[in-house]
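Raw start.pdb, PDB, C-alpha atoms:
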ATOM      1  CA  MET L  26      86.012 162.637  66.650
ATOM      2  CA  SER L  27      85.939 160.534  69.813
ATOM      3  CA  TRP L  28      89.276 162.103  70.775
ATOM      4  CA  ILE L  29      87.408 165.084  72.206
ATOM      5  CA  PHE L  30      86.534 162.899  75.197
ATOM      6  CA  TRP L  31      90.266 162.485  75.853
ATOM      7  CA  LEU L  32      91.109 166.189  75.525
ATOM      8  CA  TRP L  33      90.928 166.747  79.279
ATOM      9  CA  MET L  34      93.858 164.394  79.803
ATOM     10  CA  PRO L  35      96.621 166.431  78.118
ATOM     11  CA  LEU L  36      95.005 169.487  79.702
ATOM     12  CA  VAL L  37      95.401 167.933  83.163
ATOM     13  CA  GLY L  38      98.999 167.203  82.256
ATOM     14  CA  PHE L  39      99.312 163.656  80.947
ATOM     15  CA  PRO L  40     101.931 163.560  78.151
ATOM     16  CA  PRO L  41     100.186 163.270  74.733
ATOM     17  CA  LEU L  42     102.188 160.187  73.833
ATOM     18  CA  MET L  43     101.183 158.537  77.109
ATOM     19  CA  VAL L  44      97.492 159.163  76.343
ATOM     20  CA  LEU L  45      97.796 157.691  72.832
ATOM     21  CA  THR L  46      99.782 154.711  74.129
ATOM     22  CA  MET L  47      97.143 154.035  76.761
ATOM     23  CA  GLN L  48      94.448 154.086  74.059
ATOM     24  CA  ALA L  49      96.416 151.434  72.194
ATOM     25  CA  ILE L  50      96.793 149.342  75.378
ATOM     26  CA  SER L  51      93.023 149.590  75.958
ATOM     27  CA  LEU L  52      92.365 148.457  72.383
ATOM     28  CA  LEU L  53      94.756 145.540  72.860
ATOM     29  CA  TYR L  54      92.968 144.548  76.060
ATOM     30  CA  GLN L  55      89.646 144.550  74.273
ATOM     31  CA  PHE L  56      90.751 142.025  71.676
ATOM     32  CA  TRP L  57      90.424 139.017  73.961
ATOM     33  CA  ILE L  58      86.978 139.872  75.335
ATOM     34  CA  HIS L  59      85.437 139.339  71.886
ATOM     35  CA  THR L  60      84.867 135.614  72.228
ATOM     36  CA  GLU L  61      82.069 133.168  72.924
ATOM     37  CA  LEU L  62      84.495 130.506  74.130
ATOM     38  CA  VAL L  63      85.203 132.044  77.541
ATOM     39  CA  GLY L  64      82.376 131.768  80.071
ATOM     40  CA  ARG L  65      82.308 133.602  83.378
ATOM     41  CA  MET L  66      85.497 134.383  85.243
ATOM     42  CA  GLY L  67      84.530 134.390  88.919
ATOM     43  CA  PRO L  68      85.603 137.387  91.026
ATOM     44  CA  LEU L  69      87.236 139.062  87.986
ATOM     45  CA  GLU L  70      83.714 139.830  86.723
ATOM     46  CA  MET L  71      83.369 142.375  89.525
ATOM     47  CA  ALA L  72      86.098 144.763  88.391
ATOM     48  CA  LEU L  73      87.175 143.863  84.872
ATOM     49  CA  ASN L  74      85.415 143.959  81.533
ATOM     50  CA  THR L  75      85.182 140.280  80.587
ATOM     51  CA  PRO L  76      83.970 138.287  77.568
ATOM     52  CA  SER L  77      80.668 137.745  79.397
ATOM     53  CA  HIS L  78      80.136 141.479  80.021
ATOM     54  CA  HIS L  79      81.122 142.351  76.476
ATOM     55  CA  ARG L  80      78.792 139.821  74.861
ATOM     56  CA  VAL L  81      75.982 141.772  76.538
ATOM     57  CA  HIS L  82      77.345 144.970  74.986
ATOM     58  CA  HIS L  83      76.971 143.511  71.499
ATOM     59  CA  GLY L  84      73.503 142.086  72.126
ATOM     60  CA  THR L  85      70.287 143.295  70.514
ATOM     61  CA  ASN L  86      68.135 141.857  73.321
ATOM     62  CA  GLN L  87      66.006 144.695  74.696
ATOM     63  CA  ARG L  88      67.610 144.477  78.138
ATOM     64  CA  TYR L  89      71.117 144.440  76.675
ATOM     65  CA  LEU L  90      70.830 147.620  74.586
ATOM     66  CA  ASP L  91      73.219 150.463  75.438
ATOM     67  CA  ARG L  92      74.804 148.485  78.230
ATOM     68  CA  ASN L  93      78.361 147.671  79.309
ATOM     69  CA  HIS L  94      80.224 150.470  77.538
ATOM     70  CA  ALA L  95      83.384 149.577  79.474
ATOM     71  CA  GLY L  96      86.874 149.318  78.040
ATOM     72  CA  ILE L  97      89.076 147.619  80.644
ATOM     73  CA  LEU L  98      87.186 148.193  83.887
ATOM     74  CA  ILE L  99      83.498 147.366  84.274
ATOM     75  CA  VAL L 100      83.290 149.576  87.386
ATOM     76  CA  TRP L 101      82.207 152.650  85.393
ATOM     77  CA  ASP L 102      79.080 150.908  84.105
ATOM     78  CA  ARG L 103      78.304 149.685  87.603
ATOM     79  CA  MET L 104      78.716 153.256  88.894
ATOM     80  CA  PHE L 105      76.553 154.905  86.254
ATOM     81  CA  GLY L 106      73.806 152.301  86.038
ATOM     82  CA  THR L 107      74.587 151.061  82.535
ATOM     83  CA  PHE L 108      75.718 147.631  83.728
ATOM     84  CA  GLU L 109      73.804 144.494  82.766
ATOM     85  CA  PRO L 110      74.976 140.971  83.643
ATOM     86  CA  GLU L 111      74.779 138.230  81.016
ATOM     87  CA  GLN L 112      71.643 136.213  81.729
ATOM     88  CA  GLU L 113      69.527 135.356  78.702
ATOM     89  CA  GLN L 114      71.210 134.100  75.511
ATOM     90  CA  VAL L 115      72.737 137.030  73.624
ATOM     91  CA  VAL L 116      71.348 137.755  70.151
ATOM     92  CA  TYR L 117      74.081 139.630  68.285
ATOM     93  CA  GLY L 118      73.706 142.330  65.684
ATOM     94  CA  LEU L 119      71.999 145.658  65.273
ATOM     95  CA  THR L 120      68.408 146.516  66.106
ATOM     96  CA  ARG L 121      67.927 147.012  62.382
ATOM     97  CA  ASN L 122      70.290 144.592  60.680
ATOM     98  CA  ILE L 123      72.018 145.575  57.483
ATOM     99  CA  ASN L 124      72.446 142.170  55.808
ATOM    100  CA  SER L 125      75.709 143.116  54.153
ATOM    101  CA  TYR L 126      79.327 142.053  54.405
ATOM    102  CA  ASN L 127      80.557 145.017  52.363
ATOM    103  CA  PRO L 128      83.009 146.917  54.598
ATOM    104  CA  LEU L 129      82.026 150.268  53.079
ATOM    105  CA  ARG L 130      78.354 149.534  53.593
ATOM    106  CA  ILE L 131      79.020 148.461  57.192
ATOM    107  CA  ALA L 132      80.986 151.630  57.850
ATOM    108  CA  PHE L 133      78.585 154.096  56.297
ATOM    109  CA  HIS L 134      75.114 152.509  56.449
ATOM    110  CA  GLU L 135      73.797 154.881  59.093
ATOM    111  CA  TRP L 136      74.830 157.911  57.017
ATOM    112  CA  ILE L 137      72.990 156.380  54.047
ATOM    113  CA  ASP L 138      69.927 155.760  56.235
ATOM    114  CA  ILE L 139      69.880 159.369  57.402
ATOM    115  CA  TRP L 140      70.125 160.527  53.782
ATOM    116  CA  ARG L 141      67.169 158.303  52.844
ATOM    117  CA  ASP L 142      65.078 159.380  55.833
ATOM    118  CA  LEU L 143      65.750 162.972  54.855
ATOM    119  CA  HIS L 144      63.550 162.590  51.779
ATOM    120  CA  GLU L 145      60.493 161.582  53.805
ATOM    121  CA  PRO L 146      59.466 164.790  55.608
ATOM    122  CA  THR L 147      58.183 167.575  53.379
ATOM    123  CA  THR L 148      58.806 170.412  55.803
ATOM    124  CA  PHE L 149      62.177 171.942  56.665
ATOM    125  CA  ARG L 150      61.403 171.352  60.337
ATOM    126  CA  GLY L 151      60.829 167.679  59.650
ATOM    127  CA  LYS L 152      64.123 167.357  57.800
ATOM    128  CA  MET L 153      65.957 169.015  60.675
ATOM    129  CA  ALA L 154      64.338 166.511  63.032
ATOM    130  CA  VAL L 155      65.751 163.656  60.942
ATOM    131  CA  ILE L 156      69.280 165.053  61.228
ATOM    132  CA  PHE L 157      69.174 166.271  64.799
ATOM    133  CA  GLY L 158      66.431 164.164  66.325
ATOM    134  CA  ARG L 159      66.806 161.052  68.399
ATOM    135  CA  PRO L 160      67.696 157.876  66.451
ATOM    136  CA  GLY L 161      64.644 156.082  67.827
ATOM    137  CA  ARG L 162      62.241 158.694  66.407
ATOM    138  CA  LYS L 163      61.185 156.774  63.330
ATOM    139  CA  VAL L 164      60.574 153.560  65.226
ATOM    140  CA  GLU L 165      58.699 155.412  67.957
ATOM    141  CA  ARG L 166      56.416 157.147  65.478
ATOM    142  CA  ALA L 167      55.717 153.885  63.690
ATOM    143  CA  ALA L 168      54.910 152.251  67.036
ATOM    144  CA  HIS L 169      52.648 155.171  67.905
ATOM    145  CA  ALA L 170      50.780 154.786  64.633
ATOM    146  CA  GLY L 171      50.275 151.120  65.424
ATOM    147  CA  GLN L 172      52.526 149.834  62.671
ATOM    148  CA  LEU L 173      54.690 147.781  64.996
TER     149      LEU L 173
ATOM    150  CA  MET G  28     105.297 172.280  44.433
ATOM    151  CA  ASP G  29     107.485 174.927  46.001
ATOM    152  CA  GLY G  30     107.762 172.996  49.226
ATOM    153  CA  SER G  31     105.627 175.392  51.246
ATOM    154  CA  LEU G  32     103.257 172.585  52.113
ATOM    155  CA  ILE G  33     105.819 170.593  54.052
ATOM    156  CA  ASN G  34     107.304 173.684  55.638
ATOM    157  CA  CYS G  35     104.234 174.498  57.670
ATOM    158  CA  ASN G  36     104.439 173.897  61.421
ATOM    159  CA  PHE G  37     101.526 171.506  61.518
ATOM    160  CA  CYS G  38     103.061 169.304  58.825
ATOM    161  CA  ALA G  39     106.370 169.393  60.662
ATOM    162  CA  THR G  40     104.601 168.066  63.749
ATOM    163  CA  LEU G  41     103.063 165.320  61.649
ATOM    164  CA  LEU G  42     106.393 164.384  60.108
ATOM    165  CA  GLU G  43     108.111 164.215  63.502
ATOM    166  CA  LEU G  44     105.627 161.505  64.421
ATOM    167  CA  ASN G  45     107.266 159.151  61.983
ATOM    168  CA  MET G  46     110.162 158.952  64.427
ATOM    169  CA  PRO G  47     109.231 156.112  66.759
ATOM    170  CA  GLN G  48     109.355 156.877  70.460
ATOM    171  CA  ILE G  49     107.006 154.303  71.897
ATOM    172  CA  PRO G  50     106.608 151.434  69.420
ATOM    173  CA  ASN G  51     103.210 151.115  67.764
ATOM    174  CA  LEU G  52     101.677 148.488  70.016
ATOM    175  CA  ILE G  53      98.831 147.647  67.646
ATOM    176  CA  HIS G  54     101.249 146.833  64.816
ATOM    177  CA  LEU G  55     103.369 144.703  67.157
ATOM    178  CA  ALA G  56     100.263 142.835  68.306
ATOM    179  CA  ILE G  57      99.025 141.870  64.834
ATOM    180  CA  PRO G  58     100.824 138.462  64.857
ATOM    181  CA  GLY G  59      99.239 137.833  68.268
ATOM    182  CA  PHE G  60      95.799 138.732  66.893
ATOM    183  CA  ILE G  61      96.229 136.262  64.035
ATOM    184  CA  LEU G  62      97.538 133.507  66.345
ATOM    185  CA  LEU G  63      94.591 133.881  68.754
ATOM    186  CA  LEU G  64      92.150 133.997  65.843
ATOM    187  CA  VAL G  65      93.513 130.707  64.472
ATOM    188  CA  LEU G  66      93.494 129.158  67.976
ATOM    189  CA  GLU G  67      89.846 130.128  68.483
ATOM    190  CA  ALA G  68      88.870 128.834  65.043
ATOM    191  CA  VAL G  69      90.603 125.492  65.764
ATOM    192  CA  ALA G  70      89.019 125.264  69.233
ATOM    193  CA  ALA G  71      85.599 126.018  67.737
ATOM    194  CA  ALA G  72      86.096 123.284  65.141
ATOM    195  CA  VAL G  73      87.199 120.744  67.770
ATOM    196  CA  MET G  74      84.256 121.658  70.002
ATOM    197  CA  ARG G  75      81.964 121.581  66.974
ATOM    198  CA  ARG G  76      80.685 125.052  67.697
ATOM    199  CA  ASP G  77      79.674 127.198  64.760
ATOM    200  CA  LEU G  78      81.436 130.430  65.765
ATOM    201  CA  TYR G  79      82.906 131.596  62.478
ATOM    202  CA  GLU G  80      81.264 132.717  59.303
ATOM    203  CA  PHE G  81      83.814 133.188  56.544
ATOM    204  CA  LYS G  82      82.249 136.318  55.023
ATOM    205  CA  ASP G  83      81.800 137.908  58.421
ATOM    206  CA  THR G  84      85.415 137.225  59.408
ATOM    207  CA  ALA G  85      86.652 138.572  56.069
ATOM    208  CA  ALA G  86      84.617 141.784  56.465
ATOM    209  CA  SER G  87      85.892 142.182  60.008
ATOM    210  CA  LEU G  88      89.540 141.711  59.031
ATOM    211  CA  THR G  89      89.188 144.115  56.095
ATOM    212  CA  MET G  90      87.739 146.756  58.373
ATOM    213  CA  GLY G  91      90.472 146.150  60.925
ATOM    214  CA  THR G  92      93.132 146.636  58.254
ATOM    215  CA  GLY G  93      91.404 149.757  56.957
ATOM    216  CA  ASN G  94      91.247 151.080  60.498
ATOM    217  CA  VAL G  95      95.001 150.581  61.021
ATOM    218  CA  LEU G  96      95.700 152.508  57.785
ATOM    219  CA  ILE G  97      93.316 155.366  58.622
ATOM    220  CA  GLU G  98      94.694 155.560  62.157
ATOM    221  CA  LEU G  99      98.198 156.161  60.789
ATOM    222  CA  LEU G 100      97.015 159.609  59.731
ATOM    223  CA  ALA G 101      94.318 160.164  62.350
ATOM    224  CA  LYS G 102      96.646 159.426  65.268
ATOM    225  CA  ALA G 103      99.159 161.936  63.936
ATOM    226  CA  ALA G 104      96.482 164.635  63.789
ATOM    227  CA  VAL G 105      95.223 163.784  67.288
ATOM    228  CA  PHE G 106      98.795 163.842  68.580
ATOM    229  CA  ALA G 107      99.202 167.332  67.146
ATOM    230  CA  ILE G 108      95.998 168.479  68.872
ATOM    231  CA  PHE G 109      96.991 166.859  72.193
ATOM    232  CA  THR G 110     100.440 168.439  71.969
ATOM    233  CA  PHE G 111      98.864 171.855  71.464
ATOM    234  CA  ILE G 112      96.511 171.371  74.449
ATOM    235  CA  HIS G 113      99.401 170.054  76.554
ATOM    236  CA  ARG G 114     101.003 173.500  76.406
ATOM    237  CA  PHE G 115      98.242 174.661  78.742
ATOM    238  CA  ALA G 116      98.653 171.691  81.101
ATOM    239  CA  ILE G 117      97.564 172.277  84.683
ATOM    240  CA  PHE G 118      99.985 169.772  86.238
ATOM    241  CA  SER G 119     103.359 168.609  85.097
ATOM    242  CA  ILE G 120     103.070 164.837  84.728
ATOM    243  CA  GLY G 121     105.919 162.754  83.358
ATOM    244  CA  TYR G 122     106.293 159.057  82.660
ATOM    245  CA  GLN G 123     106.442 158.021  86.346
ATOM    246  CA  TRP G 124     104.950 154.655  87.380
ATOM    247  CA  TRP G 125     102.052 156.317  89.219
ATOM    248  CA  ALA G 126     101.244 158.341  86.112
ATOM    249  CA  TRP G 127     100.812 155.083  84.149
ATOM    250  CA  LEU G 128      98.553 153.792  86.924
ATOM    251  CA  LEU G 129      96.464 156.965  86.832
ATOM    252  CA  VAL G 130      96.277 156.996  83.056
ATOM    253  CA  VAL G 131      94.676 153.526  83.056
ATOM    254  CA  PHE G 132      91.735 154.884  85.030
ATOM    255  CA  ALA G 133      91.621 158.234  83.204
ATOM    256  CA  ASP G 134      91.610 156.618  79.763
ATOM    257  CA  ASP G 135      89.049 154.037  80.768
ATOM    258  CA  LEU G 136      86.725 156.702  82.155
ATOM    259  CA  SER G 137      86.990 158.688  78.900
ATOM    260  CA  TYR G 138      86.291 155.552  76.889
ATOM    261  CA  SER G 139      83.253 154.619  78.947
ATOM    262  CA  ILE G 140      81.584 158.029  78.989
ATOM    263  CA  ALA G 141      82.078 158.672  75.265
ATOM    264  CA  PRO G 142      79.086 156.646  74.001
ATOM    265  CA  ALA G 143      76.763 157.787  76.752
ATOM    266  CA  MET G 144      77.620 161.424  76.250
ATOM    267  CA  SER G 145      77.597 161.505  72.480
ATOM    268  CA  ALA G 146      74.514 159.394  71.916
ATOM    269  CA  GLY G 147      72.784 158.904  75.232
ATOM    270  CA  CYS G 148      72.548 162.466  76.373
ATOM    271  CA  SER G 149      72.392 164.434  73.179
ATOM    272  CA  GLY G 150      70.388 161.655  71.565
ATOM    273  CA  HIS G 151      71.306 163.027  68.163
ATOM    274  CA  ARG G 152      72.102 160.242  65.792
ATOM    275  CA  THR G 153      74.160 162.425  63.485
ATOM    276  CA  TRP G 154      76.330 163.458  66.383
ATOM    277  CA  SER G 155      76.604 159.873  67.580
ATOM    278  CA  ILE G 156      78.148 158.931  64.263
ATOM    279  CA  ILE G 157      80.435 161.939  64.080
ATOM    280  CA  LEU G 158      81.627 161.494  67.633
ATOM    281  CA  LEU G 159      81.902 157.722  67.510
ATOM    282  CA  ASN G 160      80.895 155.629  64.547
ATOM    283  CA  ALA G 161      77.703 154.399  63.021
ATOM    284  CA  THR G 162      78.586 150.748  62.991
ATOM    285  CA  THR G 163      78.586 150.043  66.664
ATOM    286  CA  TRP G 164      76.507 152.718  68.226
ATOM    287  CA  ALA G 165      73.889 154.663  66.388
ATOM    288  CA  PRO G 166      71.599 151.834  65.264
ATOM    289  CA  ARG G 167      71.483 150.503  68.793
ATOM    290  CA  TYR G 168      69.544 153.581  69.800
ATOM    291  CA  ASP G 169      67.072 152.960  67.045
ATOM    292  CA  ARG G 170      64.418 151.184  69.021
ATOM    293  CA  PRO G 171      60.949 151.752  70.422
ATOM    294  CA  GLY G 172      59.996 151.959  74.055
ATOM    295  CA  PRO G 173      60.504 154.418  76.861
ATOM    296  CA  GLU G 174      64.216 153.677  77.085
ATOM    297  CA  ALA G 175      64.726 154.839  73.519
ATOM    298  CA  SER G 176      64.619 158.476  74.400
ATOM    299  CA  CYS G 177      66.701 160.767  76.464
ATOM    300  CA  ARG G 178      64.445 163.756  76.798
ATOM    301  CA  GLY G 179      65.836 166.610  78.776
ATOM    302  CA  SER G 180      67.688 165.287  81.766
ATOM    303  CA  SER G 181      65.855 162.000  82.162
ATOM    304  CA  GLY G 182      68.210 159.717  80.236
ATOM    305  CA  TYR G 183      71.128 157.819  81.638
ATOM    306  CA  GLY G 184      73.548 159.751  79.448
ATOM    307  CA  CYS G 185      72.718 162.850  81.386
ATOM    308  CA  ARG G 186      73.330 161.035  84.625
ATOM    309  CA  TRP G 187      76.890 160.456  83.443
ATOM    310  CA  LEU G 188      77.180 164.094  82.469
ATOM    311  CA  ALA G 189      75.836 165.233  85.836
ATOM    312  CA  PHE G 190      78.460 163.126  87.562
ATOM    313  CA  LEU G 191      81.213 164.833  85.596
ATOM    314  CA  LEU G 192      79.956 168.333  86.256
TER     315      LEU G 192
END

Show this structure as structure tokens.
Amino acid sequence: MSWIFWLWMPLVGFPPLMVLTMQAISLLYQFWIHTELVGRMGPLEMALNTPSHHRVHHGTNQRYLDRNHAGILIVWDRMFGTFEPEQEQVVYGLTRNINSYNPLRIAFHEWIDIWRDLHEPTTFRGKMAVIFGRPGRKVERAAHAGQL
Amino acid sequence: MDGSLINCNFCATLLELNMPQIPNLIHLAIPGFILLLVLEAVAAAVMRRDLYEFKDTAASLTMGTGNVLIELLAKAAVFAIFTFIHRFAIFSIGYQWWAWLLVVFADDLSYSIAPAMSAGCSGHRTWSIILLNATTWAPRYDRPGPEASCRGSSGYGCRWLAFLL
């Protein structure tokens, strides 16, 4: 469904095939930034999304969460305040790790989690909150109750 | 079947896609992906750095292959939608060099705002998965602390939205 964020482009007038081709180019670019072997790249770090910036994106460190969403250019994150430089050692993974190498489990685990969480609340309102509420709800409530 | 299924306009659009116009760059790049993967694995071994876990790599490659297969159909559907929208295009843009330059920035902006808008601003985990995918995004929002929430217009996602409006 992410294509809805690209809908404005054919509407402005970009040829559909050009938009799809550019998406493929962006994906190709992002292959090489998934590495731990490349350190920092000097002045390139200012404008481009680099391995260093993208390691932060995949980090579970509190300060690295929801940061560096960039594809090719890091400038958007700098503009919108979601940029974080790589400082402390990155700890990869998810905030709640899934401990599975099963591709289907990896792809659908969050759906399964929602389904499970749905059984907890007894009220209809509570169930709606599970589906439409913020993902951090459960953790927040547990923290509030002093369980964390 | 009486053939009515493949006679519909939508299916015709899908079938036309099988005629290559711009080569599928991802498919062309697959040998390059494999070469770089092997190079990195060799470099890691030489440098004695523990960068690869066999099971993890296998899961990743399986998902990559699955993604390529799913995208064969998904891209065709998206192309059909884009083509429909393009009929209402505001400007007439062709394949000029400046259009390619512009499209780099336009695509990258779309890519960067997608996660913030679908998960950051709405904060709905179901929507985050529908709009993007569960694997990379949704669980990352599952955390305690003041930053976990995007109530009303206070979250960063809404800052992105405000910029666009």

To test your reading of the syntax: which residues would the PyMOL selection byres ((chain L and resi 54-68) around 8) return for the file shown? Reply as a ChimeraX atom specification. /L:50-53,69-72,74-77,79-80,96-97 /G:60,67,71,78

Can you list, as a PyMOL selection string, the residues that the PyMOL selection byres ((chain L) within 7 of (chain G)) selects here? chain L and resi 26-27+30-32+35-41+47-49+53+90-91+94-98+101+105+119-121+126-128+131-133+135+156-161+164-165+168

Keeping only C-alpha atoms, take the residues you just selected and write them out as a short mmCIF file (atom, residue, chain, number, x, y, z; two decimals), in the coordinates of the input.
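For reference, selection_33.cif as written:
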data_model
loop_
_atom_site.label_atom_id
_atom_site.label_comp_id
_atom_site.auth_asym_id
_atom_site.auth_seq_id
_atom_site.Cartn_x
_atom_site.Cartn_y
_atom_site.Cartn_z
CA MET L 26 86.01 162.64 66.65
CA SER L 27 85.94 160.53 69.81
CA PHE L 30 86.53 162.90 75.20
CA TRP L 31 90.27 162.49 75.85
CA LEU L 32 91.11 166.19 75.53
CA PRO L 35 96.62 166.43 78.12
CA LEU L 36 95.00 169.49 79.70
CA VAL L 37 95.40 167.93 83.16
CA GLY L 38 99.00 167.20 82.26
CA PHE L 39 99.31 163.66 80.95
CA PRO L 40 101.93 163.56 78.15
CA PRO L 41 100.19 163.27 74.73
CA MET L 47 97.14 154.04 76.76
CA GLN L 48 94.45 154.09 74.06
CA ALA L 49 96.42 151.43 72.19
CA LEU L 53 94.76 145.54 72.86
CA LEU L 90 70.83 147.62 74.59
CA ASP L 91 73.22 150.46 75.44
CA HIS L 94 80.22 150.47 77.54
CA ALA L 95 83.38 149.58 79.47
CA GLY L 96 86.87 149.32 78.04
CA ILE L 97 89.08 147.62 80.64
CA LEU L 98 87.19 148.19 83.89
CA TRP L 101 82.21 152.65 85.39
CA PHE L 105 76.55 154.90 86.25
CA LEU L 119 72.00 145.66 65.27
CA THR L 120 68.41 146.52 66.11
CA ARG L 121 67.93 147.01 62.38
CA TYR L 126 79.33 142.05 54.40
CA ASN L 127 80.56 145.02 52.36
CA PRO L 128 83.01 146.92 54.60
CA ILE L 131 79.02 148.46 57.19
CA ALA L 132 80.99 151.63 57.85
CA PHE L 133 78.58 154.10 56.30
CA GLU L 135 73.80 154.88 59.09
CA ILE L 156 69.28 165.05 61.23
CA PHE L 157 69.17 166.27 64.80
CA GLY L 158 66.43 164.16 66.32
CA ARG L 159 66.81 161.05 68.40
CA PRO L 160 67.70 157.88 66.45
CA GLY L 161 64.64 156.08 67.83
CA VAL L 164 60.57 153.56 65.23
CA GLU L 165 58.70 155.41 67.96
CA ALA L 168 54.91 152.25 67.04
#

To one decimal place in Å, what is the distance between CA of Ile97 (chain G) and CA of Val155 (chain L)? 28.9 Å

Distance in Å - CA of Val116 (chain L) versus CA of His83 (chain L):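 For CA of Val116 (chain L) relative to CA of His83 (chain L), the distance reads 8.2 Å.
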
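Straight-line separation from CA of Met104 (chain L) to CA of Leu42 (chain L): 28.7 Å.
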
Around all the atoms of region 84-96 of chain G listed in the file, with 5 Å of room on each side, what axis-aligned box do you get, giving centre and edge lengths in Å to one decimal, as JSON?
{"center_x": 90.2, "center_y": 144.9, "center_z": 58.5, "size_x": 21.1, "size_y": 25.3, "size_z": 15.0}
